[in-house]
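> File name structure35.cif; file contents mmCIF, C-alpha atoms; full text below.
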```cif
data_work
#
loop_
_atom_site.label_atom_id
_atom_site.label_comp_id
_atom_site.auth_asym_id
_atom_site.auth_seq_id
_atom_site.Cartn_x
_atom_site.Cartn_y
_atom_site.Cartn_z
CA MET M 1 2.41 -9.90 22.96
CA THR M 2 -1.20 -8.72 23.09
CA GLU M 3 -2.95 -5.37 23.49
CA THR M 4 -1.65 -3.02 26.16
CA GLU M 5 -3.72 -1.22 28.76
CA ARG M 6 -3.09 2.27 27.40
CA GLN M 7 -5.82 4.90 27.54
CA GLY M 8 -6.79 7.43 24.89
CA GLU M 9 -8.56 7.58 21.54
CA ILE M 10 -8.27 5.76 18.24
CA ALA M 11 -8.95 7.83 15.13
CA VAL M 12 -11.09 5.88 12.65
CA PHE M 13 -10.86 7.26 9.10
CA PHE M 14 -13.51 6.19 6.62
CA THR M 15 -12.51 6.55 2.96
CA GLY M 16 -15.17 4.30 1.44
CA GLY M 17 -14.99 0.91 -0.21
CA THR M 18 -17.01 -2.29 -0.13
CA ILE M 19 -17.10 -2.20 3.67
CA GLY M 20 -19.71 0.59 3.44
CA MET M 21 -21.47 -0.31 0.17
CA THR M 22 -25.03 -1.50 -0.38
CA PRO M 23 -27.09 -2.45 -3.46
CA ALA M 24 -27.86 0.67 -5.46
CA GLU M 25 -31.54 1.25 -6.19
CA GLY M 26 -32.28 1.09 -9.90
CA MET M 27 -28.69 0.16 -10.75
CA PRO M 28 -26.79 -3.12 -11.08
CA GLY M 29 -24.32 -4.03 -8.38
CA VAL M 30 -23.43 -2.19 -5.19
CA ALA M 31 -22.28 1.39 -4.65
CA PRO M 32 -21.25 3.72 -1.79
CA GLY M 33 -23.99 3.70 0.81
CA GLY M 34 -22.97 6.17 3.52
CA ASN M 35 -22.86 3.45 6.19
CA PHE M 36 -19.84 4.64 8.20
CA HIS M 37 -21.69 5.60 11.36
CA LYS M 38 -23.87 2.49 11.15
CA LEU M 39 -20.65 0.48 11.17
CA LEU M 40 -19.34 2.24 14.25
CA ASN M 41 -22.67 1.83 16.05
CA GLN M 42 -22.38 -1.94 15.66
CA LEU M 43 -19.09 -2.10 17.55
CA ALA M 44 -19.15 -3.25 21.13
CA PRO M 45 -18.20 -0.58 23.67
CA GLN M 46 -14.43 -0.19 23.90
CA ARG M 47 -12.64 -1.12 27.08
CA PRO M 48 -12.58 1.59 29.80
CA GLY M 49 -10.31 4.47 28.86
CA VAL M 50 -10.41 3.88 25.09
CA THR M 51 -12.69 5.84 22.75
CA LEU M 52 -13.12 6.03 18.98
CA ARG M 53 -12.93 9.32 17.10
CA PRO M 54 -14.65 8.97 13.70
CA VAL M 55 -13.34 10.89 10.70
CA ALA M 56 -15.62 10.73 7.63
CA TRP M 57 -12.84 11.48 5.14
CA SER M 58 -14.63 10.34 1.97
CA ASP M 59 -16.97 7.65 0.63
CA LYS M 60 -15.43 6.55 -2.64
CA PRO M 61 -14.56 3.23 -4.27
CA SER M 62 -10.85 2.58 -3.96
CA PRO M 63 -10.26 2.62 -7.75
CA HIS M 64 -11.21 6.31 -7.52
CA MET M 65 -8.33 7.00 -5.14
CA THR M 66 -5.40 8.87 -6.71
CA PRO M 67 -1.82 9.17 -5.44
CA ALA M 68 -2.67 12.75 -4.45
CA ASP M 69 -5.65 11.47 -2.43
CA MET M 70 -3.40 8.95 -0.71
CA LEU M 71 -0.88 11.62 0.27
CA ALA M 72 -3.62 13.95 1.56
CA LEU M 73 -5.06 11.11 3.64
CA ALA M 74 -1.64 10.16 5.02
CA ARG M 75 -0.98 13.73 6.09
CA GLU M 76 -4.32 13.96 7.90
CA VAL M 77 -3.64 10.65 9.62
CA GLU M 78 -0.19 11.87 10.67
CA ALA M 79 -1.76 15.04 12.09
CA ALA M 80 -4.22 12.93 14.07
CA LEU M 81 -1.40 10.78 15.44
CA ALA M 82 0.40 13.92 16.63
CA ARG M 83 -2.40 14.49 19.19
CA PRO M 84 -1.09 13.28 22.58
CA GLN M 85 -4.33 11.43 23.35
CA THR M 86 -4.31 9.48 20.05
CA LEU M 87 -3.19 5.87 20.46
CA GLY M 88 -3.32 5.00 16.76
CA ALA M 89 -5.38 5.21 13.59
CA VAL M 90 -7.61 2.80 11.69
CA ILE M 91 -8.32 3.50 8.02
CA LEU M 92 -11.33 1.86 6.37
CA HIS M 93 -10.60 1.52 2.66
CA GLY M 94 -11.66 -0.35 -0.45
CA THR M 95 -9.62 -3.48 -0.99
CA ASP M 96 -8.71 -3.00 -4.67
CA VAL M 97 -5.90 -0.54 -3.90
CA LEU M 98 -5.81 -0.88 -0.12
CA VAL M 99 -2.22 -2.10 -0.13
CA GLU M 100 -1.12 0.90 -2.22
CA THR M 101 -2.62 3.43 0.18
CA ALA M 102 -1.15 1.42 3.06
CA TYR M 103 2.29 1.54 1.46
CA LEU M 104 2.05 5.28 0.83
CA CYS M 105 1.16 5.74 4.51
CA ASP M 106 4.12 3.54 5.41
CA MET M 107 6.47 5.71 3.35
CA VAL M 108 5.39 9.14 4.58
CA ILE M 109 3.81 8.94 8.06
CA ASP M 110 6.51 9.69 10.62
CA SER M 111 5.09 8.20 13.81
CA ASP M 112 5.61 5.03 15.82
CA LYS M 113 1.89 4.89 16.65
CA PRO M 114 -0.02 2.10 14.87
CA VAL M 115 -1.67 2.78 11.51
CA ILE M 116 -3.95 -0.10 10.53
CA LEU M 117 -5.83 -0.29 7.22
CA THR M 118 -8.75 -2.64 6.74
CA GLY M 119 -11.84 -3.16 4.63
CA SER M 120 -14.08 -5.99 3.54
CA MET M 121 -14.54 -8.32 0.62
CA ARG M 122 -18.31 -8.48 1.07
CA TYR M 123 -20.65 -5.51 1.02
CA TYR M 124 -22.48 -4.12 4.01
CA SER M 125 -25.77 -6.06 3.68
CA GLU M 126 -24.32 -9.23 2.14
CA SER M 127 -24.53 -12.62 3.83
CA GLY M 128 -21.28 -13.41 5.61
CA TYR M 129 -20.27 -9.74 5.79
CA ASP M 130 -16.66 -9.54 7.02
CA GLY M 131 -16.44 -5.80 7.61
CA ILE M 132 -17.42 -5.69 11.28
CA ARG M 133 -14.95 -8.40 12.29
CA ASN M 134 -12.12 -6.71 10.37
CA LEU M 135 -12.95 -3.35 11.93
CA ILE M 136 -13.08 -4.79 15.45
CA ASN M 137 -9.71 -6.49 14.99
CA ALA M 138 -8.15 -3.41 13.40
CA VAL M 139 -9.11 -1.40 16.49
CA ARG M 140 -7.60 -4.10 18.69
CA ALA M 141 -4.42 -4.05 16.60
CA CYS M 142 -4.10 -0.33 17.34
CA LEU M 143 -3.59 -1.21 20.98
CA LEU M 144 -0.65 -3.50 20.27
CA PRO M 145 2.87 -2.50 21.31
CA LEU M 146 4.14 -2.53 17.73
CA PRO M 147 7.94 -2.18 17.69
CA PRO M 148 9.48 0.87 16.01
CA GLY M 149 9.93 0.32 12.29
CA THR M 150 6.84 -1.85 11.84
CA GLY M 151 5.16 0.92 9.83
CA ALA M 152 1.62 0.88 8.51
CA CYS M 153 -0.17 -2.47 8.49
CA VAL M 154 -3.08 -4.19 6.76
CA LEU M 155 -5.55 -6.21 8.86
CA MET M 156 -7.65 -8.63 6.81
CA THR M 157 -9.05 -12.08 7.54
CA ASP M 158 -7.60 -12.36 11.06
CA ARG M 159 -4.04 -11.58 9.95
CA LEU M 160 -1.91 -8.48 10.27
CA PHE M 161 0.45 -7.74 7.37
CA ALA M 162 3.17 -5.12 6.99
CA ALA M 163 2.09 -2.67 4.30
CA ARG M 164 5.27 -3.16 2.29
CA ASP M 165 4.68 -6.94 2.17
CA ALA M 166 0.89 -7.13 1.72
CA VAL M 167 -0.59 -8.09 -1.65
CA LYS M 168 -4.15 -8.81 -2.75
CA VAL M 169 -4.16 -12.25 -4.36
CA ASN M 170 -7.86 -13.01 -4.85
CA SER M 171 -10.49 -10.74 -6.37
CA LEU M 172 -13.52 -12.42 -4.74
CA ASN M 173 -12.60 -14.72 -1.86
CA VAL M 174 -12.85 -13.35 1.69
CA ASP M 175 -9.33 -14.67 2.30
CA ALA M 176 -7.90 -12.33 -0.30
CA PHE M 177 -4.59 -11.05 1.12
CA GLU M 178 -1.14 -12.55 1.61
CA SER M 179 2.37 -11.43 2.45
CA ARG M 180 4.89 -11.47 -0.39
CA GLU M 181 7.61 -13.18 1.67
CA GLY M 182 7.99 -11.38 4.96
CA GLY M 183 5.39 -13.38 6.88
CA ILE M 184 2.69 -11.85 9.05
CA VAL M 185 3.07 -9.24 11.75
CA GLY M 186 0.32 -10.71 13.92
CA TYR M 187 -2.81 -12.83 14.01
CA VAL M 188 -6.18 -12.97 15.70
CA ALA M 189 -6.62 -15.50 18.49
CA GLY M 190 -10.01 -15.43 20.15
CA GLU M 191 -10.65 -11.80 21.03
CA SER M 192 -7.03 -10.72 20.90
CA VAL M 193 -4.52 -9.75 18.21
CA ILE M 194 -1.15 -11.33 18.96
CA LEU M 195 2.20 -10.26 17.55
CA ALA M 196 4.21 -12.84 15.63
CA ASP M 197 7.91 -13.25 16.38
CA ARG M 198 8.95 -11.67 13.06
CA ALA M 199 7.34 -8.40 14.18
CA LEU M 200 10.22 -7.87 16.59
CA THR M 201 12.86 -7.69 13.85
CA HIS M 202 11.84 -4.56 11.94
CA THR M 203 14.46 -1.90 11.23
CA PRO M 204 13.15 1.68 11.13
CA ARG M 205 13.26 3.12 7.60
CA ARG M 206 13.63 6.75 6.68
CA LYS M 207 10.43 8.54 5.74
CA LEU M 208 9.86 10.38 2.49
CA HIS M 209 8.52 13.93 2.47
CA PRO M 210 7.05 14.58 -0.98
CA VAL M 211 5.80 18.03 -1.87
CA ASP M 212 3.18 16.45 -4.13
CA MET M 213 2.25 13.22 -5.89
CA GLY M 214 1.70 14.73 -9.33
CA ALA M 215 4.54 13.14 -11.30
CA ASN M 216 3.45 11.35 -14.48
CA VAL M 217 4.72 7.80 -13.93
CA PRO M 218 3.15 5.00 -16.01
CA LEU M 219 3.37 1.31 -15.13
CA LEU M 220 4.00 -1.10 -18.01
CA THR M 221 3.78 -4.88 -17.81
CA ALA M 222 6.11 -6.77 -20.10
CA TYR M 223 4.62 -9.25 -22.56
CA THR M 224 6.13 -11.68 -25.02
CA GLY M 225 7.15 -10.06 -28.29
CA MET M 226 6.90 -6.56 -26.78
CA ASP M 227 8.62 -3.87 -28.84
CA ARG M 228 9.59 -0.31 -28.00
CA SER M 229 6.47 1.39 -29.37
CA LEU M 230 4.64 1.83 -26.06
CA VAL M 231 7.65 3.38 -24.37
CA ASP M 232 8.27 5.64 -27.40
CA HIS M 233 4.65 6.78 -27.22
CA LEU M 234 4.89 7.47 -23.51
CA LEU M 235 7.92 9.65 -24.14
CA THR M 236 5.75 11.92 -26.29
CA LEU M 237 3.37 12.38 -23.33
CA GLY M 238 5.93 13.99 -21.07
CA ILE M 239 6.41 11.17 -18.58
CA GLN M 240 8.67 11.92 -15.63
CA GLY M 241 9.37 8.33 -14.64
CA LEU M 242 8.58 4.79 -15.73
CA VAL M 243 8.07 1.48 -13.95
CA VAL M 244 8.28 -1.75 -15.92
CA GLU M 245 7.08 -5.10 -14.58
CA GLY M 246 9.38 -7.62 -16.21
CA PHE M 247 9.39 -11.39 -16.35
CA GLY M 248 10.92 -13.58 -13.66
CA ALA M 249 13.71 -11.90 -11.70
CA GLY M 250 13.33 -8.78 -13.81
CA ASN M 251 13.84 -9.38 -17.51
CA VAL M 252 12.23 -7.79 -20.59
CA PRO M 253 12.17 -8.50 -24.35
CA PRO M 254 15.30 -7.09 -26.02
CA ALA M 255 13.36 -4.82 -28.41
CA VAL M 256 12.25 -2.68 -25.42
CA VAL M 257 15.77 -1.94 -24.22
CA PRO M 258 16.71 0.88 -26.66
CA ALA M 259 13.62 2.87 -25.65
CA LEU M 260 14.47 2.43 -21.96
CA GLY M 261 17.90 3.78 -22.81
CA VAL M 262 16.30 6.87 -24.35
CA CYS M 263 14.38 7.43 -21.12
CA LEU M 264 17.58 7.24 -19.10
CA ASP M 265 19.42 9.54 -21.52
CA GLN M 266 16.65 12.12 -21.02
CA GLY M 267 16.99 11.93 -17.24
CA ILE M 268 13.77 9.94 -16.80
CA PRO M 269 14.25 7.33 -14.05
CA VAL M 270 13.25 3.78 -14.99
CA VAL M 271 12.41 1.28 -12.25
CA LEU M 272 12.29 -2.47 -12.85
CA ALA M 273 9.83 -4.71 -10.98
CA THR M 274 8.61 -8.24 -11.64
CA ARG M 275 5.26 -9.79 -12.49
CA CYS M 276 5.98 -12.52 -9.91
CA ILE M 277 4.43 -12.21 -6.45
CA LYS M 278 7.48 -13.66 -4.70
CA GLY M 279 11.22 -13.53 -5.24
CA GLY M 280 11.63 -9.96 -6.35
CA VAL M 281 14.04 -8.42 -8.86
CA TRP M 282 17.67 -9.49 -8.98
CA PRO M 283 20.50 -8.71 -11.46
CA ILE M 284 21.05 -12.32 -12.54
CA TYR M 285 20.84 -12.31 -16.33
CA GLY M 286 23.30 -10.40 -18.48
CA TYR M 287 21.74 -11.01 -21.91
CA PRO M 288 20.03 -8.03 -23.67
CA GLY M 289 16.96 -7.22 -21.59
CA GLY M 290 18.13 -9.27 -18.59
CA GLY M 291 18.09 -7.75 -15.12
CA ALA M 292 21.87 -7.42 -14.92
CA ASP M 293 21.96 -5.84 -18.39
CA LEU M 294 19.28 -3.31 -17.42
CA ALA M 295 20.99 -2.50 -14.12
CA GLY M 296 24.18 -1.82 -16.06
CA LEU M 297 22.30 0.71 -18.19
CA GLY M 298 21.15 2.57 -15.08
CA VAL M 299 17.71 1.04 -14.50
CA ILE M 300 16.78 0.98 -10.80
CA LEU M 301 15.90 -2.46 -9.42
CA CYS M 302 13.07 -2.28 -6.87
CA GLY M 303 13.74 -5.48 -4.94
CA ARG M 304 10.55 -7.14 -3.70
CA LEU M 305 8.17 -4.17 -3.92
CA GLY M 306 6.11 -5.18 -6.95
CA GLY M 307 5.01 -2.83 -9.73
CA PRO M 308 2.17 -0.80 -8.12
CA LYS M 309 4.17 -0.06 -4.95
CA ALA M 310 7.32 0.68 -6.97
CA ARG M 311 5.29 3.20 -8.98
CA LEU M 312 4.02 4.88 -5.81
CA ARG M 313 7.53 5.03 -4.42
CA LEU M 314 8.87 6.58 -7.63
CA ILE M 315 6.07 9.19 -7.64
CA CYS M 316 6.84 9.90 -4.01
CA ALA M 317 10.57 10.13 -4.75
CA LEU M 318 9.98 12.52 -7.67
CA GLY M 319 7.85 14.66 -5.34
CA THR M 320 10.84 14.80 -3.00
CA THR M 321 13.81 15.24 -5.33
CA ARG M 322 14.80 15.18 -8.99
CA ASP M 323 18.39 14.14 -8.26
CA PRO M 324 18.98 10.71 -9.91
CA ASP M 325 21.39 9.53 -7.20
CA HIS M 326 18.98 10.55 -4.46
CA ILE M 327 16.10 8.74 -6.19
CA ARG M 328 18.23 5.60 -6.48
CA ALA M 329 19.15 5.84 -2.80
CA LEU M 330 15.47 6.07 -1.86
CA PHE M 331 14.89 2.73 -3.57
CA GLU M 332 17.87 1.14 -1.85
CA ASP M 333 16.11 1.95 1.43
CA ALA M 334 12.75 0.51 0.28
#
```
Starting from the coordinates I provided, produce the structure as structure tokens.


Amino acid sequence: MTETERQGEIAVFFTGGTIGMTPAEGMPGVAPGGNFHKLLNQLAPQRPGVTLRPVAWSDKPSPHMTPADMLALAREVEAALARPQTLGAVILHGTDVLVETAYLCDMVIDSDKPVILTGSMRYYSESGYDGIRNLINAVRACLLPLPPGTGACVLMTDRLFAARDAVKVNSLNVDAFESREGGIVGYVAGESVILADRALTHTPRRKLHPVDMGANVPLLTAYTGMDRSLVDHLLTLGIQGLVVEGFGAGNVPPAVVPALGVCLDQGIPVVLATRCIKGGVWPIYGYPGGGADLAGLGVILCGRLGGPKARLRLICALGTTRDPDHIRALFEDA
């Protein structure tokens, strides 16, 4: 399935990132360069009946994005999609946390219209710049008849990924993104973006409606010999939730377990993820610190989300409810 012949406008949100950066005068490296409109001017005219509506939302590196920023952006995108003439939205974003913003959009934007996030691995004036091609293909992807339940997507290097599956796997290479295990939603062929067969199997998921994204939720990565001291320290800082990236299918050193129990006793939800890119978290091991042991204590297993997305989902859940059973249910629907 390729692009449809619908007519209307595509909202193009610019948040910043490498796609708009240039070498900074008198400074090492590259920095935001205010190149949004230059980017748009380099696009070929859209087909008859389709126009682009630029939204200069910000011009910041993606590491400067906060969960609150992501929620504010998602709400503005949702408002744009509510306009009858809007066919979809493209979000230009830095690649470092692109998949996190994409996943937040996936969780909260309640619309079947396409939301496509893209960026570039090379800066605006660099040889082999990939930003224009990614932008062109993201616009084309907005014209696809995406089935309900597809959710927000990431378009990078001629492939379209579901936001909940996308992961950045290379810090420098242009081909920097992969899908955890779900496969791709679509791919670029010539001048078209074509849907893959797996895109037809999505089940719509309920949307979250957080009041804010202000919950204090740290993300800890397990390491060999880890004791409880970091978790004990975090408890003194007033955390409202905790995500732990464990080993393998979701296992942690046994010395950490008592501190996780304190969190749970204090009503602080603990979510278990894995350091592994594929496979996810499963309650296989019943020894102290094993996934089954932790699940028995009340730790929430996050499936295949991965730590950063699990953290965003927990922040989003805490901005929606403080009921432990409700929070757990929101992860079962992840």

> Written as a ChimeraX atom specification, what is the full residue list that the PyMOL selection byres ((chain M and resi 176-191) around 7) yields on the file shown?

/M:156,158-162,165-171,173-175,192-196,198-199,277-278

> So that I can see what lies close to Ile116 in chain M, please list as a PyMOL selection string the residues with an atom at most 12 Å from it, counting all atoms listed in the file and leaving out residues fewer than 5 positions away in the same chain.

chain M and resi 10-13+74+77+87-93+98-99+101-103+105-106+134-144+146+150-156+159-163+185-186

> Once the PyMOL selection byres ((chain M and resi 317) around 10) has been evaluated on this model, what residues remain selected, and can you format them as number ranges by chain?

M: 208-213, 215, 311-316, 318-324, 326-331

> Would you kindly translate the PyMOL selection byres ((chain M and resi 257) around 10) into the concrete residues it picks from this file, as a compact mmCIF listing (two decimals) with C-alpha atoms, keeping the file's coordinate frame?


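Just written: result.txt:
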```
# COMPACT_ATOMS: atom_id res chain seq x y z
CA ASP M 227 8.62 -3.87 -28.84
CA ARG M 228 9.59 -0.31 -28.00
CA VAL M 231 7.65 3.38 -24.37
CA VAL M 252 12.23 -7.79 -20.59
CA PRO M 253 12.17 -8.50 -24.35
CA PRO M 254 15.30 -7.09 -26.02
CA ALA M 255 13.36 -4.82 -28.41
CA VAL M 256 12.25 -2.68 -25.42
CA PRO M 258 16.71 0.88 -26.66
CA ALA M 259 13.62 2.87 -25.65
CA LEU M 260 14.47 2.43 -21.96
CA GLY M 261 17.90 3.78 -22.81
CA VAL M 262 16.30 6.87 -24.35
CA CYS M 263 14.38 7.43 -21.12
CA PRO M 288 20.03 -8.03 -23.67
CA GLY M 289 16.96 -7.22 -21.59
CA GLY M 290 18.13 -9.27 -18.59
CA ASP M 293 21.96 -5.84 -18.39
CA LEU M 294 19.28 -3.31 -17.42
CA LEU M 297 22.30 0.71 -18.19
```

> Kindly give the distance, in Å, that separates CA of Arg205 in chain M and CA of Ala334 in chain M, rounded to a single decimal.

7.8 Å
